[in-house]
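Structure, as structure tokens:
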Amino acid sequence: MLEKYRRQYRDHKVQFIFVDYDDTIVESDQTLFPLIAGSKLSEEHPFFESVSSLLESSDEVFKFFCIHLRIEKTSLITDITMIKKDEGFLLIIDDLSEHYDSYQSVAQSRNESIIKTELTVIKNQELEERERFKNSFIQNFSHELRSPLTGIMAISDILATTSLNGEQRKMLDFLKHSNSNLSLMLEDILNISSIGSGRLELQQKLFSLAKLFKLLEFTYKTKAKKKNLDFYCHLDEKVPEFVEGDRLRIYQVLTNLLDNAIKYTTKGNIKLSIVFNQKWANKVSLRFEVSDTANGIPQESFDTIFESFTQLNTENKANGSGLGLAIVKGLLKLMGSKIRLNSTVGEGSVFYFDLLLRFPLQTFPAEHMDNASVFVPERIKRIVINFAF
Amino acid sequence: MQESKKIVILGHFGVGKTSLIRRFVSNSFSDNYKVTIGVHITKKVVEISVGKNISLILWDLEGTDDIKTIRSSYLLGTHGAVFVFDVTRPSTFQNLNDDLKITTEKLPDVPLIVVGNKVDLVDLTDLNSILKENNINSDFLSSAKTGESVEELFHKMATLLHNHA
């Protein structure tokens, strides 16, 4: 390395030229450029033309660094020194091309990197702005749609209490079913918009995971039965009965996965399981898993199915907004987790995620719990945490 | 004898100084960005009126994000200056008024033209509001790629220098 720099700085070539004050080359060696005595220096390169006026100043020496000179067919990067003498001036041209070329490569990488970063930041800002606008638009639009929808639903309910013939009742049922679907879609859209805009905040509260599990078991066993599917449940005995987390959002994730499983499975079974992974002082890692025996998902679609408005099964396109898995992905991200998928085409899929949840170390009064939904019989009134896992 | 004037082209790196000169001198453009180190000097004769020519010697200076660091030797004997910024990169014009102040301190009594380059990449309405927000008055909005305003800006400089002399 030292030898390289020695060559760059010590062994570089230098050309000496003497020029009179009439701009005529008096004498020159030909080390770098073919400058002939008697010719006009300023005609050789515009650099000399633009600096010739400097000789009228009182300064004696002028030094210019990193000047690109091309004379005849020779291109060099040079340092140029002009020294005033009585009869004219001495021009010393140092060829430092090798040195400046290596500097050029460094500067190239540096500048490209800085510009790329700047442009990326700008692009991201634009995307964020668009995303904010989109979310705000969706929020407002969905709210505006809700009011007339509520009116339609209310009128449908009133209509149902009136005297209707068979044909009219069928039409009313269809109307109510469509209203219900539309309402769910709006709910999904609002959810995905809230997640995207960062407005959705998790509500961490103590709740009974066992009750949540029972609720899901009850609900989806019924739904599965309607489609002649089997529904299996497994709650690992080591899973703590009470955990701290956003019960509503965990419920939402699991219902989205289970609804999908029911929707896409035409024969076989659906399975929900909650498995104990690991525990720390007052935290526990649990694996939530929903499997089905539907058609399975091709490997190349693993990423895209979690994007908004994506549905793989065209036969079922009419059902749902295509936002379910995007909501799952967004909610789990908020919870510090990630949805994962194993699937084999023709056999079925397993959607799973791990959650790290706090659980209480001591006895606590029942009123501190989040008992928002109680579909299962109350088993426990006084709660004592069971550490036996 | 034909009048000869030295013009320095200043501005941050990557704003398109070299491309503007290339478009003006050889009417060409390249998408490949090659960093300028030191200074490239080229020359072009401009006709400012019938039979009246002026020779512009263009000093394409290495771009810098700090105008104060420009080698003073590059500015010796300067007759005119063109300050270029990139309309797509706010970092090149956010401190423009300060940069221009420093430039005029370094080059007192020298005509200065301010150019926002790469206008082909932005929406003009958005651009005008951005420039207004940043309190920027540019003399030209140019595109070295399309050639927009390139000839005009150098012709304007030539006229300024002729009148200034």
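Each chain of the structure tokens is named A, B, ... in the order shown, its residues numbered from 1; ligands are numbered from 1 in display order.
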
Taking only residues of chain B that have an atom at most 7 Å from an atom of chain A, what is each one's shortest atom pair and its distance in Å to one decimal, using only C-alpha atoms, in chain and number order, as JSON lines?
```
{"residue": "B:Lys6", "atom": "CA", "partner": "A:Ser50", "partner_atom": "CA", "distance": 6.0}
{"residue": "B:Lys34", "atom": "CA", "partner": "A:Gln108", "partner_atom": "CA", "distance": 6.8}
{"residue": "B:Val35", "atom": "CA", "partner": "A:Gln108", "partner_atom": "CA", "distance": 5.4}
{"residue": "B:Ile37", "atom": "CA", "partner": "A:Gln104", "partner_atom": "CA", "distance": 6.2}
{"residue": "B:Gly38", "atom": "CA", "partner": "A:Cys66", "partner_atom": "CA", "distance": 4.5}
{"residue": "B:Val39", "atom": "CA", "partner": "A:Ile67", "partner_atom": "CA", "distance": 5.3}
{"residue": "B:His40", "atom": "CA", "partner": "A:His68", "partner_atom": "CA", "distance": 5.4}
{"residue": "B:Ile41", "atom": "CA", "partner": "A:Phe47", "partner_atom": "CA", "distance": 6.2}
{"residue": "B:Thr42", "atom": "CA", "partner": "A:Pro46", "partner_atom": "CA", "distance": 6.3}
{"residue": "B:Lys43", "atom": "CA", "partner": "A:Pro46", "partner_atom": "CA", "distance": 6.3}
{"residue": "B:Ile57", "atom": "CA", "partner": "A:Pro46", "partner_atom": "CA", "distance": 6.5}
{"residue": "B:Ser73", "atom": "CA", "partner": "A:Phe64", "partner_atom": "CA", "distance": 6.1}
{"residue": "B:Gly77", "atom": "CA", "partner": "A:Leu54", "partner_atom": "CA", "distance": 6.5}
```

Using N, CA and C atoms, can you export the residues from the last selection as a PDB file, in the first residue's frame?
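Heads up, here's the output in again30.pdb:
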```pdb
ATOM      1  N   LYS B   6     -15.141  33.969 -17.684  1.00  0.00           N
ATOM      2  CA  LYS B   6     -15.108  32.742 -16.874  1.00  0.00           C
ATOM      3  C   LYS B   6     -16.390  32.636 -16.032  1.00  0.00           C
ATOM      4  N   LYS B  34     -21.795  10.508 -12.946  1.00  0.00           N
ATOM      5  CA  LYS B  34     -20.374  10.362 -12.641  1.00  0.00           C
ATOM      6  C   LYS B  34     -19.947  11.583 -11.839  1.00  0.00           C
ATOM      7  N   VAL B  35     -19.465  11.314 -10.665  1.00  0.00           N
ATOM      8  CA  VAL B  35     -19.086  12.404  -9.764  1.00  0.00           C
ATOM      9  C   VAL B  35     -17.959  13.237 -10.381  1.00  0.00           C
ATOM     10  N   ILE B  37     -14.821  15.437  -9.773  1.00  0.00           N
ATOM     11  CA  ILE B  37     -13.866  15.854  -8.740  1.00  0.00           C
ATOM     12  C   ILE B  37     -13.021  16.981  -9.330  1.00  0.00           C
ATOM     13  N   GLY B  38     -12.630  17.895  -8.482  1.00  0.00           N
ATOM     14  CA  GLY B  38     -11.849  19.035  -8.964  1.00  0.00           C
ATOM     15  C   GLY B  38     -12.680  19.891  -9.889  1.00  0.00           C
ATOM     16  N   VAL B  39     -12.130  20.158 -11.076  1.00  0.00           N
ATOM     17  CA  VAL B  39     -12.856  21.024 -12.006  1.00  0.00           C
ATOM     18  C   VAL B  39     -12.620  20.611 -13.462  1.00  0.00           C
ATOM     19  N   HIS B  40     -13.722  20.603 -14.212  1.00  0.00           N
ATOM     20  CA  HIS B  40     -13.660  20.399 -15.664  1.00  0.00           C
ATOM     21  C   HIS B  40     -13.920  21.753 -16.309  1.00  0.00           C
ATOM     22  N   ILE B  41     -13.134  22.045 -17.318  1.00  0.00           N
ATOM     23  CA  ILE B  41     -13.301  23.355 -17.944  1.00  0.00           C
ATOM     24  C   ILE B  41     -13.620  23.177 -19.437  1.00  0.00           C
ATOM     25  N   THR B  42     -14.692  23.812 -19.857  1.00  0.00           N
ATOM     26  CA  THR B  42     -15.053  23.762 -21.278  1.00  0.00           C
ATOM     27  C   THR B  42     -15.389  25.170 -21.755  1.00  0.00           C
ATOM     28  N   LYS B  43     -15.551  25.270 -23.047  1.00  0.00           N
ATOM     29  CA  LYS B  43     -15.745  26.603 -23.602  1.00  0.00           C
ATOM     30  C   LYS B  43     -16.800  26.567 -24.700  1.00  0.00           C
ATOM     31  N   ILE B  57     -16.235  30.556 -20.758  1.00  0.00           N
ATOM     32  CA  ILE B  57     -15.372  29.471 -20.276  1.00  0.00           C
ATOM     33  C   ILE B  57     -16.017  28.947 -18.994  1.00  0.00           C
ATOM     34  N   SER B  73      -9.040  29.170  -5.068  1.00  0.00           N
ATOM     35  CA  SER B  73      -8.314  29.325  -6.340  1.00  0.00           C
ATOM     36  C   SER B  73      -9.243  29.102  -7.537  1.00  0.00           C
ATOM     37  N   GLY B  77     -10.656  35.208 -10.661  1.00  0.00           N
ATOM     38  CA  GLY B  77     -10.912  35.715 -12.019  1.00  0.00           C
ATOM     39  C   GLY B  77     -12.290  35.383 -12.553  1.00  0.00           C
TER      40      GLY B  77
END
```

Write out as a PyMOL selection string the set of residues from region 73-111 of chain A that DSSP, computed on the backbone, places in strand (DSSP E or B). chain A and resi 74-84+88-95

Those same residues - all heavy atoms - I'd like them written as a compact mmCIF listing (two decimals), in the first residue's frame.
```
# COMPACT_ATOMS: atom_id res chain seq x y z
N THR A 74 -4.37 13.58 -25.05
CA THR A 74 -3.96 13.22 -23.69
C THR A 74 -4.88 13.87 -22.65
O THR A 74 -5.05 15.09 -22.63
CB THR A 74 -2.51 13.70 -23.43
OG1 THR A 74 -1.70 13.21 -24.50
CG2 THR A 74 -1.98 13.19 -22.11
N SER A 75 -5.50 13.00 -21.81
CA SER A 75 -6.36 13.51 -20.73
C SER A 75 -5.71 13.18 -19.40
O SER A 75 -5.42 12.02 -19.11
CB SER A 75 -7.73 12.85 -20.78
OG SER A 75 -8.43 13.29 -21.88
N LEU A 76 -5.50 14.20 -18.59
CA LEU A 76 -4.87 13.98 -17.28
C LEU A 76 -5.57 14.83 -16.23
O LEU A 76 -6.20 15.84 -16.54
CB LEU A 76 -3.39 14.37 -17.34
CG LEU A 76 -2.49 13.60 -18.32
CD1 LEU A 76 -1.12 14.26 -18.38
CD2 LEU A 76 -2.36 12.14 -17.92
N ILE A 77 -5.46 14.37 -14.96
CA ILE A 77 -5.94 15.20 -13.85
C ILE A 77 -4.70 15.73 -13.15
O ILE A 77 -3.85 14.95 -12.69
CB ILE A 77 -6.82 14.39 -12.88
CG1 ILE A 77 -7.89 13.59 -13.64
CG2 ILE A 77 -7.49 15.32 -11.87
CD1 ILE A 77 -8.70 12.66 -12.76
N THR A 78 -4.64 17.04 -13.07
CA THR A 78 -3.36 17.65 -12.69
C THR A 78 -3.49 18.70 -11.59
O THR A 78 -4.57 19.23 -11.36
CB THR A 78 -2.75 18.37 -13.92
OG1 THR A 78 -3.67 19.40 -14.30
CG2 THR A 78 -2.56 17.41 -15.09
N ASP A 79 -2.37 18.95 -10.94
CA ASP A 79 -2.25 20.15 -10.12
C ASP A 79 -1.37 21.11 -10.93
O ASP A 79 -0.36 20.68 -11.52
CB ASP A 79 -1.56 19.84 -8.79
CG ASP A 79 -2.53 19.17 -7.81
OD1 ASP A 79 -3.71 19.03 -8.16
OD2 ASP A 79 -2.08 18.79 -6.71
N ILE A 80 -1.75 22.37 -10.96
CA ILE A 80 -1.03 23.33 -11.80
C ILE A 80 -0.54 24.51 -10.96
O ILE A 80 -1.31 25.09 -10.19
CB ILE A 80 -1.93 23.85 -12.94
CG1 ILE A 80 -2.38 22.67 -13.82
CG2 ILE A 80 -1.21 24.89 -13.79
CD1 ILE A 80 -3.41 23.03 -14.87
N THR A 81 0.74 24.83 -11.11
CA THR A 81 1.31 25.97 -10.39
C THR A 81 1.80 26.99 -11.42
O THR A 81 2.47 26.62 -12.39
CB THR A 81 2.50 25.53 -9.52
OG1 THR A 81 2.07 24.41 -8.72
CG2 THR A 81 2.98 26.64 -8.60
N MET A 82 1.44 28.24 -11.18
CA MET A 82 1.92 29.34 -12.05
C MET A 82 2.77 30.27 -11.19
O MET A 82 2.31 30.77 -10.17
CB MET A 82 0.74 30.13 -12.62
CG MET A 82 -0.09 29.38 -13.66
SD MET A 82 -1.62 30.25 -14.04
CE MET A 82 -1.00 31.74 -14.78
N ILE A 83 4.01 30.50 -11.62
CA ILE A 83 4.90 31.37 -10.84
C ILE A 83 5.36 32.52 -11.75
O ILE A 83 5.91 32.28 -12.83
CB ILE A 83 6.12 30.58 -10.32
CG1 ILE A 83 5.63 29.35 -9.52
CG2 ILE A 83 7.02 31.47 -9.47
CD1 ILE A 83 6.72 28.32 -9.28
N LYS A 84 5.11 33.72 -11.27
CA LYS A 84 5.50 34.89 -12.08
C LYS A 84 7.00 35.11 -12.03
O LYS A 84 7.63 35.00 -10.98
CB LYS A 84 4.78 36.13 -11.57
CG LYS A 84 3.34 36.24 -12.08
CD LYS A 84 2.85 37.65 -12.17
CE LYS A 84 2.33 38.14 -10.83
NZ LYS A 84 1.58 39.41 -10.92
N GLY A 88 8.29 36.45 -17.86
CA GLY A 88 7.06 35.69 -18.16
C GLY A 88 6.66 34.88 -16.94
O GLY A 88 6.89 35.32 -15.81
N PHE A 89 6.10 33.73 -17.16
CA PHE A 89 5.75 32.92 -15.98
C PHE A 89 6.07 31.45 -16.24
O PHE A 89 6.06 30.98 -17.38
CB PHE A 89 4.29 33.09 -15.58
CG PHE A 89 3.28 32.71 -16.62
CD1 PHE A 89 2.71 31.43 -16.62
CD2 PHE A 89 2.88 33.63 -17.60
CE1 PHE A 89 1.78 31.09 -17.57
CE2 PHE A 89 1.95 33.27 -18.55
CZ PHE A 89 1.40 32.00 -18.54
N LEU A 90 6.38 30.80 -15.11
CA LEU A 90 6.70 29.38 -15.16
C LEU A 90 5.45 28.58 -14.84
O LEU A 90 4.75 28.89 -13.87
CB LEU A 90 7.80 29.06 -14.13
CG LEU A 90 8.23 27.60 -14.03
CD1 LEU A 90 8.90 27.13 -15.31
CD2 LEU A 90 9.17 27.41 -12.83
N LEU A 91 5.18 27.60 -15.65
CA LEU A 91 3.99 26.75 -15.45
C LEU A 91 4.47 25.35 -15.10
O LEU A 91 5.27 24.76 -15.84
CB LEU A 91 3.22 26.72 -16.76
CG LEU A 91 1.76 26.34 -16.76
CD1 LEU A 91 0.94 27.27 -15.90
CD2 LEU A 91 1.23 26.35 -18.19
N ILE A 92 4.03 24.85 -13.96
CA ILE A 92 4.43 23.50 -13.56
C ILE A 92 3.16 22.64 -13.48
O ILE A 92 2.23 22.96 -12.73
CB ILE A 92 5.14 23.51 -12.18
CG1 ILE A 92 6.33 24.47 -12.22
CG2 ILE A 92 5.58 22.10 -11.78
CD1 ILE A 92 6.91 24.77 -10.83
N ILE A 93 3.13 21.61 -14.28
CA ILE A 93 1.93 20.75 -14.31
C ILE A 93 2.30 19.39 -13.73
O ILE A 93 3.17 18.68 -14.25
CB ILE A 93 1.40 20.58 -15.75
CG1 ILE A 93 1.11 21.94 -16.38
CG2 ILE A 93 0.14 19.72 -15.76
CD1 ILE A 93 0.66 21.89 -17.83
N ASP A 94 1.64 19.05 -12.62
CA ASP A 94 1.87 17.75 -11.96
C ASP A 94 0.77 16.78 -12.38
O ASP A 94 -0.41 17.09 -12.18
CB ASP A 94 1.80 17.90 -10.45
CG ASP A 94 2.98 18.66 -9.88
OD1 ASP A 94 3.23 19.79 -10.35
OD2 ASP A 94 3.61 18.13 -8.97
N ASP A 95 1.15 15.66 -12.88
CA ASP A 95 0.14 14.65 -13.24
C ASP A 95 -0.18 13.80 -12.01
O ASP A 95 0.62 12.98 -11.57
CB ASP A 95 0.69 13.76 -14.37
CG ASP A 95 -0.23 12.59 -14.64
OD1 ASP A 95 -1.42 12.68 -14.27
OD2 ASP A 95 0.24 11.59 -15.23
```

Run DSSP on the backbone and tell me which residues of region 39-162 of chain B come out as alpha helix (DSSP H); list them as a PyMOL selection string. chain B and resi 72-75+96-106+124-133+150-162

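Distance-wise, CA of Trp280 (chain A) and CA of Ile327 (chain A) end up 29.0 Å apart.
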
Excluding Leu96 (chain B) and its own-chain neighbours fewer than 3 positions away, which residues fall within 10 Å of it when counting only C-alpha atoms? Please give them as a CSV table (one decimal) with C-alpha atoms, in the first residue's frame.
```csv
chain,number,residue,atom,x,y,z
B,11,GLY,CA,-24.1,23.7,-6.2
B,83,PHE,CA,-25.8,28.2,-8.7
B,84,VAL,CA,-27.7,25.0,-9.4
B,85,PHE,CA,-30.0,23.1,-7.1
B,90,PRO,CA,-34.7,19.4,-0.7
B,91,SER,CA,-31.3,19.0,0.9
B,92,THR,CA,-29.9,20.9,-2.1
B,93,PHE,CA,-32.1,23.9,-1.7
B,99,ASP,CA,-25.5,29.4,0.2
B,100,LEU,CA,-26.3,32.3,-2.1
B,101,LYS,CA,-25.2,34.8,0.6
B,102,ILE,CA,-21.9,33.1,1.0
B,114,VAL,CA,-29.9,30.6,-9.7
B,134,ASN,CA,-38.7,27.6,1.2
B,135,ASN,CA,-38.7,31.2,0.1
B,136,ILE,CA,-36.6,30.4,-3.0
B,137,ASN,CA,-36.5,32.6,-6.0
B,138,SER,CA,-34.8,30.8,-8.9
```

Interatomic distance, CA of Ser285 (chain A) to CA of Leu356 (chain A) (Å, one decimal):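 So the answer is 4.4 Å.
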
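For the pair CA of Glu3 (chain A) and CA of Thr36 (chain B), the interatomic distance is 26.8 Å.
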
At a cut-off of 7 Å, using only C-alpha atoms, what residues contact region 154-158 of chain B? Leave out same-chain residues fewer than 6 positions from it and give the result as a VMD selection string. chain B and resid 46 48 54

Go ahead and save the residues from that selection, with N, CA, C and O atoms, as a CSV table (one decimal), in the first residue's frame.
```
chain,number,residue,atom,x,y,z
B,46,VAL,N,-21.0,32.2,-27.6
B,46,VAL,CA,-22.4,32.5,-27.6
B,46,VAL,C,-22.6,33.8,-28.4
B,46,VAL,O,-21.9,34.8,-28.1
B,48,ILE,N,-24.5,37.0,-28.7
B,48,ILE,CA,-25.5,37.7,-27.9
B,48,ILE,C,-26.3,38.7,-28.7
B,48,ILE,O,-27.4,39.2,-28.3
B,54,ILE,N,-19.6,36.2,-27.6
B,54,ILE,CA,-18.9,36.2,-26.3
B,54,ILE,C,-18.5,34.8,-26.0
B,54,ILE,O,-19.2,33.8,-26.2
```

For Phe24 (chain B), work out the shell of residues within 10 Å, counting only C-alpha atoms and skipping chain neighbours fewer than 2 positions away, then give it as a PyMOL selection string. chain B and resi 18-22+26-29+44+144+147+149-155

Take the residues from that selection and put them in a file with all heavy atoms, as a CSV table (one decimal), in the first residue's frame.
```csv
chain,number,residue,atom,x,y,z
B,18,THR,N,-22.8,19.2,-14.3
B,18,THR,CA,-22.1,18.7,-15.4
B,18,THR,C,-23.1,18.4,-16.6
B,18,THR,O,-22.8,18.7,-17.8
B,18,THR,CB,-21.4,17.4,-15.1
B,18,THR,OG1,-20.5,17.6,-13.9
B,18,THR,CG2,-20.5,16.9,-16.2
B,19,SER,N,-24.2,17.9,-16.3
B,19,SER,CA,-25.2,17.6,-17.3
B,19,SER,C,-25.7,18.9,-18.0
B,19,SER,O,-26.0,18.9,-19.2
B,19,SER,CB,-26.4,16.9,-16.7
B,19,SER,OG,-26.0,15.6,-16.2
B,20,LEU,N,-25.9,20.0,-17.2
B,20,LEU,CA,-26.3,21.2,-17.8
B,20,LEU,C,-25.3,21.7,-18.8
B,20,LEU,O,-25.6,22.2,-19.9
B,20,LEU,CB,-26.5,22.3,-16.7
B,20,LEU,CG,-27.8,22.2,-15.9
B,20,LEU,CD1,-27.8,23.2,-14.7
B,20,LEU,CD2,-29.0,22.5,-16.8
B,21,ILE,N,-24.0,21.6,-18.4
B,21,ILE,CA,-22.9,22.1,-19.3
B,21,ILE,C,-22.9,21.2,-20.5
B,21,ILE,O,-22.7,21.7,-21.7
B,21,ILE,CB,-21.6,22.1,-18.5
B,21,ILE,CG1,-21.6,23.2,-17.4
B,21,ILE,CG2,-20.4,22.3,-19.5
B,21,ILE,CD1,-20.4,23.1,-16.5
B,22,ARG,N,-23.0,19.9,-20.3
B,22,ARG,CA,-22.9,19.0,-21.4
B,22,ARG,C,-24.1,19.3,-22.4
B,22,ARG,O,-23.9,19.3,-23.6
B,22,ARG,CB,-23.0,17.5,-21.0
B,22,ARG,CG,-22.8,16.5,-22.0
B,22,ARG,CD,-22.8,15.1,-21.5
B,22,ARG,NE,-21.7,14.9,-20.6
B,22,ARG,CZ,-21.6,13.8,-19.8
B,22,ARG,NH1,-22.5,12.9,-19.9
B,22,ARG,NH2,-20.6,13.6,-19.1
B,26,SER,N,-22.5,20.4,-25.8
B,26,SER,CA,-22.6,19.4,-26.9
B,26,SER,C,-24.0,18.9,-27.2
B,26,SER,O,-24.1,17.9,-27.9
B,26,SER,CB,-21.6,18.2,-26.5
B,26,SER,OG,-22.1,17.7,-25.3
B,27,ASN,N,-25.0,19.5,-26.6
B,27,ASN,CA,-26.4,19.1,-26.8
B,27,ASN,C,-26.6,17.6,-26.6
B,27,ASN,O,-27.2,16.9,-27.4
B,27,ASN,CB,-26.9,19.5,-28.2
B,27,ASN,CG,-28.4,19.5,-28.2
B,27,ASN,OD1,-29.1,19.6,-27.2
B,27,ASN,ND2,-28.9,19.3,-29.4
B,28,SER,N,-26.0,17.1,-25.5
B,28,SER,CA,-26.1,15.7,-25.2
B,28,SER,C,-26.5,15.5,-23.7
B,28,SER,O,-26.4,16.4,-22.9
B,28,SER,CB,-24.9,14.9,-25.5
B,28,SER,OG,-23.8,15.4,-24.7
B,29,PHE,N,-26.9,14.3,-23.4
B,29,PHE,CA,-27.3,14.0,-22.0
B,29,PHE,C,-27.0,12.5,-21.7
B,29,PHE,O,-27.2,11.7,-22.5
B,29,PHE,CB,-28.7,14.3,-21.7
B,29,PHE,CG,-29.2,14.0,-20.3
B,29,PHE,CD1,-29.0,14.8,-19.3
B,29,PHE,CD2,-29.9,12.8,-20.1
B,29,PHE,CE1,-29.4,14.5,-18.0
B,29,PHE,CE2,-30.3,12.5,-18.8
B,29,PHE,CZ,-30.1,13.4,-17.8
B,44,LYS,N,-17.6,27.6,-24.7
B,44,LYS,CA,-18.6,27.7,-25.8
B,44,LYS,C,-18.8,29.2,-26.2
B,44,LYS,O,-18.9,30.0,-25.3
B,44,LYS,CB,-19.9,27.1,-25.5
B,44,LYS,CG,-20.9,27.1,-26.6
B,44,LYS,CD,-22.1,26.3,-26.4
B,44,LYS,CE,-23.0,26.4,-27.6
B,44,LYS,NZ,-24.2,25.6,-27.6
B,144,ALA,N,-31.7,19.4,-17.7
B,144,ALA,CA,-30.6,19.0,-18.6
B,144,ALA,C,-31.0,17.9,-19.5
B,144,ALA,O,-30.5,17.7,-20.6
B,144,ALA,CB,-29.3,18.7,-17.8
B,147,GLY,N,-33.5,19.5,-22.0
B,147,GLY,CA,-32.9,20.7,-22.6
B,147,GLY,C,-33.7,22.0,-22.2
B,147,GLY,O,-33.3,23.1,-22.6
B,149,SER,N,-34.8,25.3,-20.9
B,149,SER,CA,-34.2,26.5,-20.3
B,149,SER,C,-32.7,26.5,-20.2
B,149,SER,O,-32.1,27.4,-19.6
B,149,SER,CB,-34.8,26.7,-18.9
B,149,SER,OG,-36.1,27.0,-18.9
B,150,VAL,N,-32.1,25.5,-20.8
B,150,VAL,CA,-30.6,25.4,-20.6
B,150,VAL,C,-29.9,26.5,-21.5
B,150,VAL,O,-29.1,27.3,-21.0
B,150,VAL,CB,-30.1,24.0,-21.1
B,150,VAL,CG1,-28.6,24.0,-21.0
B,150,VAL,CG2,-30.7,22.9,-20.1
B,151,GLU,N,-30.3,26.5,-22.8
B,151,GLU,CA,-29.7,27.5,-23.7
B,151,GLU,C,-30.0,28.9,-23.1
B,151,GLU,O,-29.2,29.8,-23.1
B,151,GLU,CB,-30.4,27.3,-25.1
B,151,GLU,CG,-29.7,28.0,-26.2
B,151,GLU,CD,-28.4,27.4,-26.6
B,151,GLU,OE1,-28.2,26.2,-26.5
B,151,GLU,OE2,-27.5,28.2,-27.0
B,152,GLU,N,-31.3,29.1,-22.6
B,152,GLU,CA,-31.7,30.4,-22.2
B,152,GLU,C,-30.9,30.9,-21.0
B,152,GLU,O,-30.5,32.1,-20.9
B,152,GLU,CB,-33.2,30.3,-21.7
B,152,GLU,CG,-34.2,30.2,-22.9
B,152,GLU,CD,-34.4,28.7,-23.2
B,152,GLU,OE1,-33.5,27.9,-22.9
B,152,GLU,OE2,-35.5,28.4,-23.8
B,153,LEU,N,-30.6,30.0,-20.1
B,153,LEU,CA,-29.9,30.4,-18.9
B,153,LEU,C,-28.4,30.9,-19.2
B,153,LEU,O,-27.9,31.9,-18.7
B,153,LEU,CB,-29.9,29.4,-17.8
B,153,LEU,CG,-28.9,28.2,-17.7
B,153,LEU,CD1,-27.7,28.6,-16.9
B,153,LEU,CD2,-29.6,27.0,-17.1
B,154,PHE,N,-27.8,30.2,-20.1
B,154,PHE,CA,-26.4,30.5,-20.4
B,154,PHE,C,-26.4,31.8,-21.3
B,154,PHE,O,-25.5,32.6,-21.3
B,154,PHE,CB,-25.7,29.4,-21.1
B,154,PHE,CG,-25.3,28.3,-20.1
B,154,PHE,CD1,-25.9,27.1,-20.1
B,154,PHE,CD2,-24.3,28.5,-19.2
B,154,PHE,CE1,-25.6,26.1,-19.2
B,154,PHE,CE2,-23.9,27.6,-18.3
B,154,PHE,CZ,-24.6,26.3,-18.3
B,155,HIS,N,-27.4,31.9,-22.2
B,155,HIS,CA,-27.5,33.1,-23.0
B,155,HIS,C,-27.8,34.3,-22.1
B,155,HIS,O,-27.2,35.4,-22.4
B,155,HIS,CB,-28.7,32.9,-24.0
B,155,HIS,CG,-28.6,33.9,-25.2
B,155,HIS,ND1,-29.2,35.1,-25.1
B,155,HIS,CD2,-27.9,33.8,-26.4
B,155,HIS,CE1,-28.9,35.7,-26.2
B,155,HIS,NE2,-28.2,35.0,-27.0
```

Show which residues sit within 8 Å of Asp246 (chain A), as a short mmCIF file (atom, residue, chain, number, x, y, z; two decimals) with all heavy atoms, in the first residue's frame. Count only C-alpha atoms, and ignore same-chain residues fewer than 4 positions away.
```
data_model
loop_
_atom_site.label_atom_id
_atom_site.label_comp_id
_atom_site.auth_asym_id
_atom_site.auth_seq_id
_atom_site.Cartn_x
_atom_site.Cartn_y
_atom_site.Cartn_z
N LEU A 202 -53.70 -1.15 21.68
CA LEU A 202 -54.06 -2.38 22.38
C LEU A 202 -54.48 -2.06 23.80
O LEU A 202 -53.93 -1.17 24.44
CB LEU A 202 -52.87 -3.34 22.40
CG LEU A 202 -52.40 -3.85 21.03
CD1 LEU A 202 -51.17 -4.74 21.20
CD2 LEU A 202 -53.50 -4.62 20.32
N GLN A 203 -55.48 -2.77 24.27
CA GLN A 203 -55.95 -2.60 25.66
C GLN A 203 -55.49 -3.83 26.45
O GLN A 203 -56.08 -4.89 26.31
CB GLN A 203 -57.48 -2.52 25.70
CG GLN A 203 -58.08 -1.43 24.81
CD GLN A 203 -57.75 -0.04 25.30
OE1 GLN A 203 -57.73 0.20 26.51
NE2 GLN A 203 -57.48 0.87 24.38
N GLN A 204 -54.44 -3.67 27.20
CA GLN A 204 -53.91 -4.82 27.94
C GLN A 204 -54.67 -4.99 29.26
O GLN A 204 -54.63 -4.11 30.11
CB GLN A 204 -52.41 -4.60 28.24
CG GLN A 204 -51.55 -4.31 27.02
CD GLN A 204 -51.33 -5.54 26.14
OE1 GLN A 204 -51.74 -6.64 26.48
NE2 GLN A 204 -50.68 -5.34 25.01
N LYS A 205 -55.35 -6.09 29.35
CA LYS A 205 -56.11 -6.37 30.58
C LYS A 205 -56.00 -7.84 30.90
O LYS A 205 -55.74 -8.66 30.02
CB LYS A 205 -57.59 -6.01 30.39
CG LYS A 205 -57.87 -4.52 30.46
CD LYS A 205 -59.36 -4.30 30.38
CE LYS A 205 -59.69 -2.80 30.44
NZ LYS A 205 -61.11 -2.56 30.21
N ILE A 250 -57.08 -10.50 20.39
CA ILE A 250 -56.68 -11.91 20.25
C ILE A 250 -57.87 -12.71 19.71
O ILE A 250 -57.74 -13.54 18.82
CB ILE A 250 -56.20 -12.48 21.61
CG1 ILE A 250 -54.89 -11.78 22.03
CG2 ILE A 250 -55.98 -13.99 21.53
CD1 ILE A 250 -54.42 -12.12 23.43
#
```

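The shortest atom-to-atom distance to Val82 (chain B), with only C-alpha atoms taken into account, belongs to B:Asp139 out of B:Asp126, B:Asp109, B:Asp139, B:Glu47.
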